[in-house]
>>> print(open('model33.tsv').read())   # TSV, C-alpha atoms
chain	number	residue	atom	x	y	z
A	1035	MET	CA	0.00	0.00	0.00
A	1036	ILE	CA	1.29	3.46	-0.90
A	1037	ASN	CA	1.05	5.89	2.01
A	1038	ASN	CA	2.08	9.27	0.68
A	1039	LEU	CA	0.87	11.55	3.47
A	1040	THR	CA	3.66	14.12	3.53
A	1041	ARG	CA	1.98	17.51	3.73
A	1042	LYS	CA	2.75	21.17	3.61
A	1043	GLY	CA	3.22	22.93	6.90
A	1044	GLU	CA	3.24	21.80	10.50
A	1045	GLY	CA	1.17	18.68	10.96
A	1046	GLY	CA	-0.47	19.14	7.60
A	1047	ASN	CA	-2.37	22.27	8.68
A	1048	ARG	CA	-2.17	25.28	6.38
A	1049	GLU	CA	-1.78	28.68	7.93
A	1050	ALA	CA	-4.64	31.12	7.34
A	1051	GLY	CA	-2.43	33.16	5.02
A	1052	ASP	CA	-1.61	30.11	2.90
A	1053	GLU	CA	-5.30	29.27	2.53
A	1054	ALA	CA	-6.13	32.88	1.70
A	1055	ASN	CA	-3.49	32.87	-1.05
A	1056	ARG	CA	-4.76	29.52	-2.34
A	1057	LEU	CA	-8.30	30.86	-2.59
A	1058	GLU	CA	-7.04	34.02	-4.28
A	1059	ALA	CA	-5.26	31.88	-6.87
A	1060	LEU	CA	-8.46	29.89	-7.39
A	1061	GLU	CA	-10.51	33.06	-7.82
A	1062	SER	CA	-8.09	34.41	-10.43
A	1063	LEU	CA	-8.74	31.36	-12.61
A	1064	GLY	CA	-12.45	32.20	-12.82
A	1065	ILE	CA	-13.37	28.52	-13.05
A	1066	LEU	CA	-15.78	28.03	-10.13
A	1067	ASP	CA	-19.41	27.37	-11.10
A	1068	THR	CA	-18.67	27.42	-14.82
A	1069	PRO	CA	-20.39	25.01	-17.24
A	1070	ARG	CA	-18.90	21.65	-18.18
A	1071	GLU	CA	-16.37	21.90	-21.01
A	1072	PRO	CA	-15.36	19.20	-23.52
A	1073	ALA	CA	-11.63	19.49	-22.82
A	1074	TYR	CA	-12.07	18.54	-19.15
A	1075	ASP	CA	-14.71	15.90	-19.91
A	1076	ARG	CA	-12.29	14.15	-22.28
A	1077	ILE	CA	-9.62	14.00	-19.59
A	1078	VAL	CA	-11.86	12.33	-16.99
A	1079	ARG	CA	-13.11	9.84	-19.60
A	1080	LEU	CA	-9.49	9.00	-20.39
A	1081	VAL	CA	-8.65	8.56	-16.69
A	1082	ARG	CA	-11.62	6.29	-16.10
A	1083	ALA	CA	-10.83	4.16	-19.14
A	1084	SER	CA	-7.11	3.96	-18.40
A	1085	PHE	CA	-7.62	2.97	-14.77
A	1086	ASP	CA	-10.77	0.92	-15.41
A	1087	CYS	CA	-12.22	2.53	-12.28
A	1088	ASP	CA	-15.71	3.42	-11.08
A	1089	MET	CA	-15.22	7.15	-11.15
A	1090	ALA	CA	-12.82	9.86	-12.34
A	1091	LEU	CA	-13.12	13.53	-11.61
A	1092	ILE	CA	-11.59	16.98	-11.78
A	1093	SER	CA	-12.47	18.79	-8.58
A	1094	VAL	CA	-12.00	22.37	-7.42
A	1095	LEU	CA	-12.12	23.17	-3.70
A	1096	ASP	CA	-13.21	26.48	-2.24
A	1097	ALA	CA	-13.65	27.04	1.50
A	1098	HIS	CA	-16.73	24.88	2.04
A	1099	ARG	CA	-17.22	22.46	-0.85
A	1100	GLN	CA	-15.63	20.22	-3.43
A	1101	TRP	CA	-17.08	21.27	-6.79
A	1102	TYR	CA	-16.70	19.15	-9.92
A	1103	LYS	CA	-15.55	20.75	-13.13
A	1104	ALA	CA	-15.79	17.30	-14.74
A	1105	ILE	CA	-16.91	13.93	-13.43
A	1106	GLU	CA	-17.35	10.52	-15.03
A	1107	GLY	CA	-19.13	7.67	-13.28
A	1108	ALA	CA	-21.43	9.69	-10.99
A	1109	ASP	CA	-24.09	12.36	-11.33
A	1110	MET	CA	-23.34	15.19	-8.90
A	1111	ASP	CA	-22.08	18.76	-8.95
A	1112	GLU	CA	-20.55	19.22	-5.50
A	1113	VAL	CA	-20.19	17.77	-2.01
A	1114	PRO	CA	-19.19	19.27	1.37
A	1115	VAL	CA	-15.43	19.47	1.55
A	1116	GLN	CA	-15.35	17.90	5.01
A	1117	ASP	CA	-14.09	14.29	4.98
A	1118	THR	CA	-13.25	14.24	1.24
A	1119	PHE	CA	-10.04	12.58	0.12
A	1120	CYS	CA	-9.38	15.55	-2.17
A	1121	ARG	CA	-9.26	17.89	0.81
A	1122	ARG	CA	-6.22	15.96	1.95
A	1123	THR	CA	-4.76	15.85	-1.54
A	1124	ILE	CA	-4.57	19.63	-1.96
A	1125	ASN	CA	-2.37	19.71	1.15
A	1126	MET	CA	0.08	17.24	-0.36
A	1127	GLU	CA	3.46	17.99	-1.86
A	1128	GLY	CA	2.82	15.14	-4.32
A	1129	PRO	CA	0.21	12.50	-5.16
A	1130	LEU	CA	-2.06	10.84	-2.62
A	1131	VAL	CA	-2.55	7.14	-3.34
A	1132	VAL	CA	-4.61	4.86	-1.10
A	1133	GLU	CA	-4.81	1.31	-2.44
A	1134	ASP	CA	-7.21	0.00	0.23
A	1135	ALA	CA	-8.92	2.72	2.25
A	1136	ALA	CA	-10.70	0.20	4.50
A	1137	GLN	CA	-7.32	-0.93	5.82
A	1138	HIS	CA	-5.75	2.53	6.00
A	1139	PRO	CA	-5.52	4.05	9.53
A	1140	ASN	CA	-6.28	7.55	8.23
A	1141	PHE	CA	-9.31	6.56	6.15
A	1142	LYS	CA	-10.91	3.35	7.44
A	1143	ASN	CA	-13.51	5.28	9.48
A	1144	ASN	CA	-14.15	7.91	6.81
A	1145	PRO	CA	-17.89	8.11	5.92
A	1146	TYR	CA	-17.05	7.88	2.22
A	1147	VAL	CA	-15.32	4.57	2.99
A	1148	THR	CA	-17.85	3.07	5.41
A	1149	ALA	CA	-20.83	3.85	3.15
A	1150	GLU	CA	-22.36	1.08	1.03
A	1151	ASN	CA	-20.14	0.62	-2.06
A	1152	GLY	CA	-17.81	3.12	-0.46
A	1153	VAL	CA	-14.37	4.24	-1.57
A	1154	ARG	CA	-11.65	1.61	-1.34
A	1155	PHE	CA	-9.13	2.88	-3.89
A	1156	TYR	CA	-8.14	6.52	-4.45
A	1157	ALA	CA	-5.37	8.09	-6.52
A	1158	GLY	CA	-5.29	11.87	-6.63
A	1159	ILE	CA	-2.93	14.51	-7.98
A	1160	PRO	CA	-3.07	18.11	-6.68
A	1161	LEU	CA	-3.71	20.67	-9.42
A	1162	LYS	CA	-0.98	23.23	-8.79
A	1163	THR	CA	-0.93	26.62	-10.50
A	1164	LYS	CA	2.28	28.13	-11.79
A	1165	ASN	CA	2.57	29.96	-8.46
A	1166	GLY	CA	2.49	26.68	-6.56
A	1167	PHE	CA	-1.05	26.81	-5.13
A	1168	SER	CA	-3.21	23.68	-5.19
A	1169	VAL	CA	-6.68	24.65	-6.36
A	1170	GLY	CA	-8.12	21.16	-6.83
A	1171	THR	CA	-7.42	17.60	-7.85
A	1172	LEU	CA	-7.50	15.08	-10.68
A	1173	CYS	CA	-8.30	11.65	-9.29
A	1174	ALA	CA	-9.39	8.09	-9.94
A	1175	VAL	CA	-11.74	6.36	-7.47
A	1176	ASP	CA	-12.93	2.77	-7.16
A	1177	SER	CA	-15.08	0.69	-4.79
A	1178	GLU	CA	-12.55	-2.16	-4.89
A	1179	PRO	CA	-8.96	-2.18	-3.61
A	1180	ARG	CA	-6.45	-1.61	-6.39
A	1181	VAL	CA	-2.72	-1.88	-6.94
A	1182	LEU	CA	-1.24	0.70	-9.28
A	1183	ARG	CA	0.36	-0.62	-12.43
A	1184	GLU	CA	3.69	0.64	-13.67
A	1185	GLY	CA	3.27	3.99	-15.36
A	1186	ASP	CA	-0.22	4.69	-13.92
A	1187	LEU	CA	0.91	7.42	-11.56
A	1188	GLN	CA	2.98	9.15	-14.23
A	1189	LEU	CA	-0.03	9.12	-16.58
A	1190	LEU	CA	-2.21	10.72	-13.91
A	1191	GLU	CA	0.43	13.38	-13.19
A	1192	ASP	CA	0.79	14.18	-16.90
A	1193	LEU	CA	-2.96	14.58	-17.27
A	1194	ALA	CA	-3.09	16.79	-14.16
A	1195	THR	CA	-0.49	19.06	-15.77
A	1196	ILE	CA	-2.70	19.33	-18.85
A	1197	VAL	CA	-5.70	20.24	-16.66
A	1198	VAL	CA	-3.79	23.09	-15.01
A	1199	GLU	CA	-2.50	24.33	-18.37
A	1200	GLN	CA	-6.07	24.34	-19.67
A	1201	MET	CA	-7.26	26.32	-16.63
A	1202	GLU	CA	-4.52	28.90	-16.99
A	1203	LEU	CA	-5.14	29.28	-20.73
A	1204	ARG	CA	-8.82	29.78	-19.97
A	1205	GLU	CA	-7.99	32.56	-17.50
A	1206	GLN	CA	-6.04	34.37	-20.23
A	1207	ALA	CA	-8.96	34.24	-22.69
A	1208	MET	CA	-10.34	37.55	-23.92
A	1209	THR	CA	-13.97	36.43	-24.06
A	1210	ASP	CA	-16.22	34.57	-21.64
A	1211	ASP	CA	-17.08	31.17	-23.10
A	1212	LEU	CA	-20.63	31.06	-21.75
A	1213	THR	CA	-21.91	34.54	-22.62
A	1214	GLY	CA	-19.65	35.79	-25.40
A	1215	ALA	CA	-19.01	38.98	-23.39
A	1216	LEU	CA	-15.47	40.16	-22.76
A	1217	SER	CA	-13.66	38.45	-19.89
A	1218	ARG	CA	-12.73	40.31	-16.72
A	1219	ARG	CA	-9.11	40.34	-17.85
A	1220	ALA	CA	-10.01	41.88	-21.22
A	1221	PHE	CA	-12.33	44.41	-19.59
A	1222	ARG	CA	-9.62	45.67	-17.28
A	1223	SER	CA	-7.17	45.97	-20.17
A	1224	GLU	CA	-9.54	47.84	-22.48
A	1225	GLY	CA	-11.08	49.81	-19.61
A	1226	SER	CA	-7.71	51.10	-18.44
A	1227	ARG	CA	-6.92	52.21	-21.99
A	1228	LEU	CA	-10.23	54.07	-22.32
A	1229	ALA	CA	-9.85	55.63	-18.88
A	1230	ALA	CA	-6.42	56.98	-19.79
A	1231	LEU	CA	-7.79	58.46	-23.03
A	1232	ALA	CA	-10.81	59.98	-21.30
A	1233	SER	CA	-8.59	61.54	-18.66
A	1234	ARG	CA	-6.13	62.92	-21.19
A	1235	HIS	CA	-8.77	64.42	-23.50
A	1236	ARG	CA	-11.34	65.18	-20.79
A	1237	HIS	CA	-14.01	63.05	-22.42
A	1238	PRO	CA	-16.94	61.67	-20.40
A	1239	LEU	CA	-16.76	57.98	-19.53
A	1240	PRO	CA	-19.54	56.37	-17.49
A	1241	VAL	CA	-19.42	52.77	-16.29
A	1242	ILE	CA	-22.50	50.71	-15.51
A	1243	CYS	CA	-22.20	47.75	-13.15
A	1244	PHE	CA	-25.16	45.43	-12.78
A	1245	ASP	CA	-25.82	42.26	-10.87
A	1246	LEU	CA	-28.73	39.83	-11.32
A	1247	ASP	CA	-31.15	39.78	-8.39
A	1248	HIS	CA	-31.56	36.49	-6.48
A	1249	PHE	CA	-29.66	34.59	-9.18
A	1250	LYS	CA	-28.59	31.89	-6.72
A	1251	ALA	CA	-32.25	30.97	-6.28
A	1252	ILE	CA	-32.45	30.05	-9.98
A	1253	ASN	CA	-29.46	27.73	-9.75
A	1254	ASP	CA	-30.75	26.24	-6.50
A	1255	THR	CA	-34.29	25.68	-7.76
A	1256	PHE	CA	-33.86	24.80	-11.42
A	1257	GLY	CA	-30.20	23.77	-11.72
A	1258	HIS	CA	-27.07	25.28	-13.20
A	1259	SER	CA	-28.15	24.68	-16.79
A	1260	ALA	CA	-31.09	27.03	-16.17
A	1261	GLY	CA	-28.72	29.62	-14.69
A	1262	ASP	CA	-26.47	29.30	-17.74
A	1263	GLU	CA	-29.45	29.92	-20.03
A	1264	VAL	CA	-30.34	33.07	-18.09
A	1265	LEU	CA	-26.76	34.40	-18.32
A	1266	ARG	CA	-26.55	33.70	-22.07
A	1267	THR	CA	-29.90	35.31	-22.81
A	1268	ILE	CA	-29.18	38.41	-20.75
A	1269	SER	CA	-25.81	38.79	-22.43
A	1270	GLN	CA	-27.48	38.64	-25.86
A	1271	THR	CA	-30.09	41.16	-24.70
A	1272	VAL	CA	-27.45	43.61	-23.51
A	1273	GLN	CA	-25.34	43.29	-26.63
A	1274	LYS	CA	-28.30	44.31	-28.80
A	1275	ARG	CA	-28.20	47.69	-27.04
A	1276	MET	CA	-24.48	48.24	-27.38
A	1277	ARG	CA	-22.70	50.49	-29.86
A	1278	ARG	CA	-19.57	49.16	-31.53
A	1279	SER	CA	-17.45	51.44	-29.32
A	1280	ASP	CA	-19.03	50.24	-26.04
A	1281	VAL	CA	-17.31	47.65	-23.85
A	1282	PHE	CA	-19.44	44.91	-22.29
A	1283	ALA	CA	-17.94	42.28	-19.98
A	1284	ARG	CA	-18.85	39.57	-17.54
A	1285	LEU	CA	-16.80	40.30	-14.43
A	1286	GLY	CA	-17.72	37.03	-12.75
A	1287	GLY	CA	-20.74	34.97	-11.73
A	1288	GLU	CA	-23.85	37.07	-12.37
A	1289	GLU	CA	-21.99	40.42	-12.36
A	1290	PHE	CA	-21.53	42.46	-15.55
A	1291	ALA	CA	-20.14	45.86	-16.52
A	1292	VAL	CA	-20.54	48.25	-19.45
A	1293	LEU	CA	-18.25	51.13	-20.41
A	1294	LEU	CA	-19.77	53.88	-22.60
A	1295	PRO	CA	-17.02	56.00	-24.17
A	1296	GLU	CA	-17.83	59.66	-24.88
A	1297	THR	CA	-21.25	59.41	-23.24
A	1298	GLU	CA	-22.51	61.98	-20.77
A	1299	ARG	CA	-23.66	60.86	-17.34
A	1300	ARG	CA	-27.31	61.40	-18.22
A	1301	GLY	CA	-26.92	59.27	-21.33
A	1302	GLY	CA	-25.38	56.52	-19.19
A	1303	VAL	CA	-28.40	56.57	-16.88
A	1304	GLU	CA	-30.70	56.28	-19.91
A	1305	VAL	CA	-28.77	53.25	-21.17
A	1306	ALA	CA	-28.91	51.63	-17.73
A	1307	GLU	CA	-32.67	52.19	-17.54
A	1308	ALA	CA	-33.14	50.67	-21.01
A	1309	LEU	CA	-31.12	47.62	-19.97
A	1310	ARG	CA	-33.08	47.32	-16.72
A	1311	ARG	CA	-36.37	47.32	-18.64
A	1312	ASP	CA	-35.08	44.84	-21.24
A	1313	ILE	CA	-33.93	42.38	-18.59
A	1314	SER	CA	-37.07	42.64	-16.45
A	1315	ALA	CA	-39.19	41.94	-19.56
A	1316	LEU	CA	-37.49	38.58	-20.20
A	1317	ARG	CA	-39.38	35.39	-19.37
A	1318	PHE	CA	-37.89	31.92	-18.99
A	1319	ASP	CA	-39.70	28.58	-18.94
A	1320	PHE	CA	-38.09	26.07	-16.58
A	1321	GLY	CA	-39.96	22.83	-16.04
A	1322	GLY	CA	-43.25	24.40	-17.08
A	1323	LYS	CA	-42.82	27.32	-14.68
A	1324	SER	CA	-42.50	30.87	-16.00
A	1325	VAL	CA	-39.60	32.72	-14.35
A	1326	ASN	CA	-38.64	36.38	-14.66
A	1327	VAL	CA	-35.28	37.93	-13.78
A	1328	THR	CA	-34.38	41.42	-12.66
A	1329	ALA	CA	-31.08	43.22	-12.14
A	1330	SER	CA	-29.79	46.02	-9.93
A	1331	PHE	CA	-27.65	48.75	-11.47
A	1332	GLY	CA	-25.01	51.19	-10.32
A	1333	LEU	CA	-23.45	53.95	-12.42
A	1334	ALA	CA	-20.47	56.23	-11.99
A	1335	SER	CA	-18.79	58.66	-14.37
A	1336	PHE	CA	-15.52	60.54	-14.56
A	1337	ASP	CA	-15.46	63.90	-12.81
A	1338	GLY	CA	-12.76	66.30	-11.70
A	1339	GLN	CA	-11.83	64.12	-8.73
A	1340	ILE	CA	-11.10	60.78	-10.40
A	1341	ASN	CA	-9.36	59.65	-13.55
A	1342	ASP	CA	-8.73	55.93	-13.07
A	1343	LEU	CA	-10.75	52.77	-13.75
A	1344	ASP	CA	-10.47	51.28	-10.24
A	1345	THR	CA	-12.05	54.31	-8.54
A	1346	LEU	CA	-14.73	54.45	-11.21
A	1347	LEU	CA	-15.63	50.80	-10.61
A	1348	GLN	CA	-15.57	51.26	-6.84
A	1349	ARG	CA	-18.10	54.08	-7.11
A	1350	ALA	CA	-20.30	52.12	-9.50
A	1351	ASP	CA	-20.20	49.16	-7.08
A	1352	ALA	CA	-21.22	51.44	-4.20
A	1353	ALA	CA	-24.17	52.68	-6.26
A	1354	LEU	CA	-25.06	49.09	-7.22
A	1355	TYR	CA	-25.21	47.97	-3.61
A	1356	GLN	CA	-27.34	50.99	-2.76
A	1357	SER	CA	-29.77	49.72	-5.41
A	1358	LYS	CA	-29.75	46.31	-3.73
A	1359	LYS	CA	-30.32	47.89	-0.33
A	1360	ASP	CA	-33.22	49.99	-1.64
A	1361	GLY	CA	-35.13	46.99	-2.99
A	1362	ARG	CA	-33.40	45.79	-6.19
A	1363	ASN	CA	-34.50	46.14	-9.84
A	1364	ARG	CA	-33.49	49.79	-9.90
A	1365	ILE	CA	-30.68	52.15	-10.85
A	1366	THR	CA	-28.54	54.27	-8.55
A	1367	ALA	CA	-25.99	56.76	-9.86
A	1368	TRP	CA	-23.01	57.91	-7.84
A	1369	GLY	CA	-23.69	61.47	-6.72
A	1370	ASP	CA	-27.44	60.96	-6.31
A	1371	GLY	CA	-28.74	60.78	-2.75
A	1372	ASP	CA	-26.90	59.05	0.07
A	1373	VAL	CA	-24.47	56.82	-1.82
A	1374	SER	CA	-21.36	56.11	0.21
A	1375	VAL	CA	-18.28	54.20	-0.83
A	1376	LYS	CA	-18.66	52.35	2.48
A	1377	ILE	CA	-21.57	50.48	0.94
A	1378	ALA	CA	-19.38	49.01	-1.80
A	1379	ARG	CA	-18.48	45.36	-1.65
A	1380	ARG	CA	-15.66	43.75	-3.51
A	1381	ARG	CA	-15.77	40.30	-5.05
A	1382	VAL	CA	-13.62	37.94	-2.98
A	1383	LEU	CA	-13.08	34.25	-2.38
A	1384	LYS	CA	-12.29	33.77	1.30
A	1385	GLY	CA	-12.75	31.03	3.85
A	1386	GLY	CA	-15.13	31.81	6.69
A	1387	LYS	CA	-17.00	30.21	9.56
A	1388	ILE	CA	-20.53	30.89	10.73
A	1389	SER	CA	-20.68	30.63	14.51
A	1390	PHE	CA	-23.84	30.51	16.66
A	1391	ARG	CA	-25.16	29.06	19.92
A	1392	ASN	CA	-22.36	30.91	21.74
A	1393	GLY	CA	-19.77	29.21	19.57
A	1394	GLY	CA	-21.20	25.74	20.10
A	1395	SER	CA	-22.10	25.34	16.43
A	1396	THR	CA	-20.02	26.32	13.40
A	1397	ILE	CA	-20.57	25.95	9.65
A	1398	ASP	CA	-17.91	26.41	6.96
A	1399	CYS	CA	-18.73	29.00	4.33
A	1400	THR	CA	-17.11	30.72	1.39
A	1401	VAL	CA	-17.23	34.52	1.44
A	1402	ARG	CA	-18.01	35.73	-2.08
A	1403	THR	CA	-18.56	39.47	-1.49
A	1404	LEU	CA	-17.29	41.60	1.37
A	1405	GLY	CA	-17.65	45.22	2.37
A	1406	GLN	CA	-17.64	47.43	5.45
A	1407	GLN	CA	-21.35	46.88	6.03
A	1408	GLY	CA	-21.98	43.28	5.00
A	1409	ALA	CA	-21.09	40.17	3.04
A	1410	GLY	CA	-22.40	37.49	0.70
A	1411	LEU	CA	-21.82	33.91	1.85
A	1412	ASP	CA	-22.04	30.55	0.06
A	1413	MET	CA	-22.47	27.22	1.83
A	1414	ILE	CA	-23.79	23.75	1.16
A	1415	ALA	CA	-27.17	24.53	2.80
A	1416	THR	CA	-28.54	27.49	4.75
A	1417	THR	CA	-31.37	25.54	6.41
A	1418	ASP	CA	-29.78	25.34	9.86
A	1419	VAL	CA	-28.34	28.85	9.90
A	1420	PRO	CA	-30.18	31.26	12.25
A	1421	ASN	CA	-31.00	34.83	11.25
A	1422	GLU	CA	-28.31	36.17	13.58
A	1423	PHE	CA	-24.80	34.75	14.02
A	1424	ARG	CA	-21.12	35.68	14.06
A	1425	LEU	CA	-19.00	35.57	10.90
A	1426	LEU	CA	-15.34	34.67	11.42
A	1427	ILE	CA	-12.77	35.26	8.66
A	1428	LYS	CA	-9.45	34.12	10.10
A	1429	ALA	CA	-7.31	35.51	7.27
A	1430	ASP	CA	-8.69	39.03	7.87
A	1431	GLY	CA	-9.00	38.79	11.65
A	1432	LEU	CA	-12.72	39.51	11.25
A	1433	ASP	CA	-15.27	38.61	13.92
A	1434	ALA	CA	-18.55	40.34	13.14
A	1435	LYS	CA	-22.11	39.94	14.34
A	1436	CYS	CA	-24.39	39.45	11.34
A	1437	GLU	CA	-28.06	39.65	10.49
A	1438	VAL	CA	-29.44	37.78	7.47
A	1439	THR	CA	-31.15	40.08	4.95
A	1440	SER	CA	-31.91	37.41	2.31
A	1441	ARG	CA	-31.28	33.73	1.78
A	1442	THR	CA	-31.53	30.99	-0.82
A	1443	ARG	CA	-30.85	27.31	-0.33
A	1444	THR	CA	-27.07	27.84	-0.58
A	1445	HIS	CA	-26.47	31.61	-0.23
A	1446	LEU	CA	-26.88	34.27	2.46
A	1447	GLU	CA	-26.74	38.05	2.21
A	1448	VAL	CA	-25.89	39.55	5.59
A	1449	GLU	CA	-25.38	42.96	7.14
A	1450	PHE	CA	-22.99	43.60	10.02
A	1451	VAL	CA	-24.76	44.81	13.15
>>> encode(input="model33.tsv", output="structure tokens")
Amino acid sequence: MINNLTRKGEGGNREAGDEANRLEALESLGILDTPREPAYDRIVRLVRASFDCDMALISVLDAHRQWYKAIEGADMDEVPVQDTFCRRTINMEGPLVVEDAAQHPNFKNNPYVTAENGVRFYAGIPLKTKNGFSVGTLCAVDSEPRVLREGDLQLLEDLATIVVEQMELREQAMTDDLTGALSRRAFRSEGSRLAALASRHRHPLPVICFDLDHFKAINDTFGHSAGDEVLRTISQTVQKRMRRSDVFARLGGEEFAVLLPETERRGGVEVAEALRRDISALRFDFGGKSVNVTASFGLASFDGQINDLDTLLQRADAALYQSKKDGRNRITAWGDGDVSVKIARRRVLKGGKISFRNGGSTIDCTVRTLGQQGAGLDMIATTDVPNEFRLLIKADGLDAKCEVTSRTRTHLEVEFV
């Protein structure tokens, strides 16, 4: 039996800073919650055929779950990260191979092993980025003990290298595969160029940021394929409104941005209102149920105080979250009413813990948005989470009392109180 359990760090425990950097590397790849792709599907089919095993998968691990970019031999999208073999694998310097888990002291009592037709054989390779962070695994799994054949481990390592290369190439892409909009990387490149020109020539340059309202509920209720259809359709709807000189991008998840070169602030508000109406008029049929979608908008434009893209986006984000706070499906422009930069949240990927019952109960979560006044949290299920709790983010030294403002099956929006 191969027992490769040499890990990074003292006793195999990563420091909070290491985990924060790992999650930052994962976020930069932009791969979480993306649709299945043929390149990854081919690799897991090849692994399963080569190893003649029950299951092969490419997994990505955030702070609370193991999510499958590709899986062959089972029908699932994600599982809680607790107790998974892959959670151990991402801590490894090299492969993790367990030829008979039922006889292995570290795994024989694992619920994935003791279950009916449970795991007996596991071979996993950590997926390491060029900066050395393990964001997930490529692995082969079987319900019978196995002995690796000569060359098997090298094959798995070679395929894992191809997976990482594919992920990093994807991150460098200029367009988003699902929606056809520009990628976040391309938006920042083109946006910085336009911002420099607007500043130099004193041209107006508004940016519109918008975020779909309660989008998690669509994924939770109707599945990710339904969510993908919504994102594609909305992207097509927006692009019909765009001029050739406008810049439209998907920044991540259900968040989009539009730059409108040489457009006055009032014109930007008119475009945002047209987009809001177009989106709210869409209807989707999922399983015989008619579903509508709305979006919340924030707008900011160059003035005498700012001349850079980052500040422009920060102000648009602040206005967007004011729209969310005021009831959603509306537009807020920076400079109108009580819009404070304190309201702005930034997109993050951080590990957190929800603590309640005076610390007697904790639930792992992944922090997806974070600001001075609140946060957006993902978890496997929100059913057992009370309306008030403490949020702990070890990497930031944060310990904040929270109140839930909205929830879906897997997502919470909270305000700090």
>>> closest_residue(input="model33.tsv", among="A:Lys1250, A:Gln1406, A:Gln1273, A:Met1413", to="Cys1436 of chain A", atoms="only C-alpha atoms")
A:Gln1406
>>> atom_distance(input="model33.tsv", atom1="atom CA of Gly1128 of chain A", atom2="atom CA of Gly1158 of chain A")
9.0 Å
>>> closest_residue(input="model33.tsv", among="A:Ala1215, A:Val1181, A:Ala1194, A:Met1208", to="Val1078 of chain A", atoms="only C-alpha atoms")
A:Ala1194
>>> residues_around(input="model33.tsv", residues="Ser1168 of chain A", least_positions_apart="4", cutoff="10 Å", atoms="all atoms listed in the file", output="list in words")
Glu1053, Arg1056, Leu1057, Ala1059, Leu1060, Val1094, Leu1095, Thr1123, Ile1124, Asn1125, Met1126, Glu1127, Ile1159, Pro1160, Leu1161, Lys1162, Thr1163, Lys1164 and Val1198 of chain A
>>> atom_distance(input="model33.tsv", atom1="atom CA of Arg1204 of chain A", atom2="atom CA of Glu1071 of chain A")
11.0 Å
>>> closest_residue(input="model33.tsv", among="A:Ile1427, A:Cys1173, A:Val1448, A:Ala1207", to="Gly1410 of chain A", atoms="all atoms listed in the file")
A:Val1448
>>> closest_residue(input="model33.tsv", among="A:Ala1097, A:Ala1334, A:Ile1077, A:Leu1130", to="Gly1386 of chain A", atoms="only C-alpha atoms")
A:Ala1097
